[in-house]
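Structure record follows, encoded as structure tokens.
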Amino acid sequence: VGANAPAVGTRLAMLDDLPHDTPVGFTLGGGKDAFRGLIVRLGDRVTAYVNRCPHYAVPLNRDGDGFYVLPDNRVMCVVHCAVFNLEDGVCVDGPVRGDRLMTIPVAVEDDGSVVVSDHPVE
């Protein structure tokens with residue numbers, strides 16, 4: 001996931017705090033070494049991605065802003081309008097069609113914490 005990726009067990013969110021079908025951004029660390037991600041709850045499933053468009057390695061959203069969410073659980077990069085499925089991270093439209101967002105494997109603990117996992121997402 002990258003050199004500054006969060007360690008296994010790092011809590012990213014609480015399940016009850018995640019809205020359904022709306023990605024939420026998170027930042028770990030600060031400055032040029034900050035790690036930016038997004039997490040989304042789709043039904044019973046929670047998925048997380050590195051918040052970096054594969055086109056120019058820029059965040060999908062502008063600092064401090066929410067994500068541009070489209071119908072059918074898709075999100076659009078605000079820089080070059082690449083559109084990604086939130087379910088699997090695949091780019092379905094734009095300059096990197098067929099590429100995908102980098103997945104962060106996550107698990108939901110018994111207390112509702114969403115944590116970085118050492119198991120790939122199935």
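To be explicit about the labels: the chains of the structure tokens are called A, B, and onward in the order shown, and within each one the residues are counted from 1, while ligands get numbers from 1 in the order they are shown.
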What's around His55 (chain A) at 9 Å? Count only C-alpha atoms, leave out sequence neighbours fewer than 6 positions away in its own chain, and write the answer as a PDB file with C-alpha atoms, in the first residue's frame.
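Done, and the output landed in result-v4.pdb:
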ATOM      1  CA  HIS A  80      -9.338  14.827 -14.324  1.00  0.00           C
ATOM      2  CA  ALA A  82     -11.808   9.668 -13.687  1.00  0.00           C
ATOM      3  CA  PRO A  95      -8.158   8.787 -18.545  1.00  0.00           C
ATOM      4  CA  VAL A  96      -7.267   5.640 -16.554  1.00  0.00           C
ATOM      5  CA  ASP A  99      -7.034   0.836 -13.789  1.00  0.00           C
TER       6      ASP A  99
END
Could you pull the residues within 10 Å of Met76 (chain A), counting only C-alpha atoms, minus those fewer than 5 positions along the same chain, as a VMD selection string? chain A and resid 53 60 to 61 67 to 70 81 to 86 91 93 to 94
Length of the CA of Glu109 (chain A) to CA of Gly31 (chain A) vector [Å]: 29.7 Å
Give me the region 23-98 of chain A side of the contact with region 102-105 of chain A, cut-off 6 Å, one line per residue showing its nearest atom pair and distance in Å at one decimal, counting only C-alpha atoms, sorted by chain and residue number, as a Markdown table.
| residue | atom | partner | partner_atom | distance |
| --- | --- | --- | --- | --- |
| A:Ala48 | CA | A:Ile104 | CA | 5.1 |
| A:Tyr49 | CA | A:Thr103 | CA | 4.4 |
| A:Val50 | CA | A:Met102 | CA | 5.5 |
Using only C-alpha atoms, which protein or nucleic acid residues come within 9 Å of Leu12 (chain A)? Drop anything in the same chain fewer than 3 positions from it, and give the result as a list in words. Phe26, Leu28, Ile39, Val106, Ser113, Val114, Val115 and Val116 of chain A
The residue from A:Asn4, A:Arg45, A:Thr27, A:Glu87 with the smallest atom-to-atom distance to Val108 (chain A), counting only C-alpha atoms, is A:Arg45
If you run DSSP over the backbone, which residues in region 30-69 of chain A end up strand (DSSP E or B)? Put them as a list in words.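 Here is the list: Phe35, Arg36, Gly37, Leu38, Ile39, Val40, Arg41, Leu42, Arg45, Val46, Thr47, Ala48, Tyr49, Val50, Tyr68 and Val69 of chain A.
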Write to file, as a PDB file, in the first residue's frame, the residues of the selection just made, with N, CA, C and O atoms.
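Result went into selection-v2.pdb, see below:
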ATOM      1  N   PHE A  35      -0.493  10.104   5.070  1.00  0.00           N
ATOM      2  CA  PHE A  35      -1.133   9.017   4.334  1.00  0.00           C
ATOM      3  C   PHE A  35      -2.613   9.342   4.238  1.00  0.00           C
ATOM      4  O   PHE A  35      -3.276   9.535   5.253  1.00  0.00           O
ATOM      5  N   ARG A  36      -3.124   9.419   3.024  1.00  0.00           N
ATOM      6  CA  ARG A  36      -4.532   9.764   2.804  1.00  0.00           C
ATOM      7  C   ARG A  36      -5.284   8.553   2.266  1.00  0.00           C
ATOM      8  O   ARG A  36      -4.807   7.875   1.363  1.00  0.00           O
ATOM      9  N   GLY A  37      -6.448   8.336   2.841  1.00  0.00           N
ATOM     10  CA  GLY A  37      -7.270   7.222   2.395  1.00  0.00           C
ATOM     11  C   GLY A  37      -8.721   7.606   2.382  1.00  0.00           C
ATOM     12  O   GLY A  37      -9.103   8.712   2.772  1.00  0.00           O
ATOM     13  N   LEU A  38      -9.533   6.692   1.897  1.00  0.00           N
ATOM     14  CA  LEU A  38     -10.984   6.858   1.964  1.00  0.00           C
ATOM     15  C   LEU A  38     -11.571   5.519   2.342  1.00  0.00           C
ATOM     16  O   LEU A  38     -11.024   4.465   2.017  1.00  0.00           O
ATOM     17  N   ILE A  39     -12.657   5.590   3.062  1.00  0.00           N
ATOM     18  CA  ILE A  39     -13.319   4.390   3.547  1.00  0.00           C
ATOM     19  C   ILE A  39     -14.800   4.537   3.253  1.00  0.00           C
ATOM     20  O   ILE A  39     -15.356   5.632   3.341  1.00  0.00           O
ATOM     21  N   VAL A  40     -15.427   3.440   2.856  1.00  0.00           N
ATOM     22  CA  VAL A  40     -16.843   3.506   2.499  1.00  0.00           C
ATOM     23  C   VAL A  40     -17.552   2.254   2.991  1.00  0.00           C
ATOM     24  O   VAL A  40     -16.998   1.151   2.961  1.00  0.00           O
ATOM     25  N   ARG A  41     -18.773   2.462   3.457  1.00  0.00           N
ATOM     26  CA  ARG A  41     -19.629   1.369   3.922  1.00  0.00           C
ATOM     27  C   ARG A  41     -20.710   1.154   2.876  1.00  0.00           C
ATOM     28  O   ARG A  41     -21.523   2.042   2.611  1.00  0.00           O
ATOM     29  N   LEU A  42     -20.682  -0.031   2.265  1.00  0.00           N
ATOM     30  CA  LEU A  42     -21.677  -0.406   1.255  1.00  0.00           C
ATOM     31  C   LEU A  42     -22.410  -1.638   1.763  1.00  0.00           C
ATOM     32  O   LEU A  42     -21.865  -2.740   1.728  1.00  0.00           O
ATOM     33  N   ARG A  45     -20.631  -4.401   3.963  1.00  0.00           N
ATOM     34  CA  ARG A  45     -19.214  -4.424   3.628  1.00  0.00           C
ATOM     35  C   ARG A  45     -18.561  -3.055   3.813  1.00  0.00           C
ATOM     36  O   ARG A  45     -19.152  -2.033   3.477  1.00  0.00           O
ATOM     37  N   VAL A  46     -17.349  -3.067   4.329  1.00  0.00           N
ATOM     38  CA  VAL A  46     -16.556  -1.842   4.460  1.00  0.00           C
ATOM     39  C   VAL A  46     -15.317  -2.018   3.593  1.00  0.00           C
ATOM     40  O   VAL A  46     -14.639  -3.050   3.661  1.00  0.00           O
ATOM     41  N   THR A  47     -15.044  -1.021   2.770  1.00  0.00           N
ATOM     42  CA  THR A  47     -13.895  -1.057   1.875  1.00  0.00           C
ATOM     43  C   THR A  47     -13.102   0.227   2.063  1.00  0.00           C
ATOM     44  O   THR A  47     -13.681   1.289   2.290  1.00  0.00           O
ATOM     45  N   ALA A  48     -11.785   0.106   1.955  1.00  0.00           N
ATOM     46  CA  ALA A  48     -10.932   1.292   2.072  1.00  0.00           C
ATOM     47  C   ALA A  48      -9.943   1.310   0.911  1.00  0.00           C
ATOM     48  O   ALA A  48      -9.521   0.266   0.412  1.00  0.00           O
ATOM     49  N   TYR A  49      -9.602   2.519   0.488  1.00  0.00           N
ATOM     50  CA  TYR A  49      -8.668   2.714  -0.614  1.00  0.00           C
ATOM     51  C   TYR A  49      -7.684   3.817  -0.256  1.00  0.00           C
ATOM     52  O   TYR A  49      -7.987   4.704   0.532  1.00  0.00           O
ATOM     53  N   VAL A  50      -6.524   3.762  -0.886  1.00  0.00           N
ATOM     54  CA  VAL A  50      -5.600   4.883  -0.817  1.00  0.00           C
ATOM     55  C   VAL A  50      -6.256   6.015  -1.601  1.00  0.00           C
ATOM     56  O   VAL A  50      -6.767   5.798  -2.708  1.00  0.00           O
ATOM     57  N   TYR A  68     -16.687  13.694  -4.610  1.00  0.00           N
ATOM     58  CA  TYR A  68     -17.733  13.899  -5.599  1.00  0.00           C
ATOM     59  C   TYR A  68     -18.345  12.537  -5.901  1.00  0.00           C
ATOM     60  O   TYR A  68     -17.778  11.737  -6.648  1.00  0.00           O
ATOM     61  N   VAL A  69     -19.475  12.250  -5.273  1.00  0.00           N
ATOM     62  CA  VAL A  69     -20.114  10.944  -5.370  1.00  0.00           C
ATOM     63  C   VAL A  69     -21.157  10.979  -6.476  1.00  0.00           C
ATOM     64  O   VAL A  69     -21.971  11.901  -6.556  1.00  0.00           O
TER      65      VAL A  69
END
I'd like to know which of A:Gly30, A:Pro59, A:Gly98, A:Pro19 is closest to Asp44 (chain A), using only C-alpha atoms. A:Pro19
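As for CA of Thr10 (chain A) and CA of Gly25 (chain A), they are spaced 15.1 Å apart.
Remark: for Arg74 (chain A), the closest of the candidate residues A:Ala13, A:Gly29, A:His119, A:Thr22 is A:Thr22 (distances computed over only C-alpha atoms).
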Å distance separating CA of Asp111 (chain A) from CA of Ala7 (chain A), one decimal place: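 Spanning CA of Asp111 (chain A) to CA of Ala7 (chain A) is a straight-line distance of 19.0 Å.
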Give the answer as one residue: which of A:Met14, A:Asp33, A:Pro23, A:Ser117 has the shortest atom-to-atom distance to Asn51 (chain A), using only C-alpha atoms?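 The shortest atom-to-atom distance to Asn51 (chain A) comes from A:Pro23.
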Residue with the minimum atom-to-atom distance to Arg52 (chain A), picked from A:Leu101, A:Val90, A:Ala5, A:Leu15 with only C-alpha atoms counted, is A:Leu101
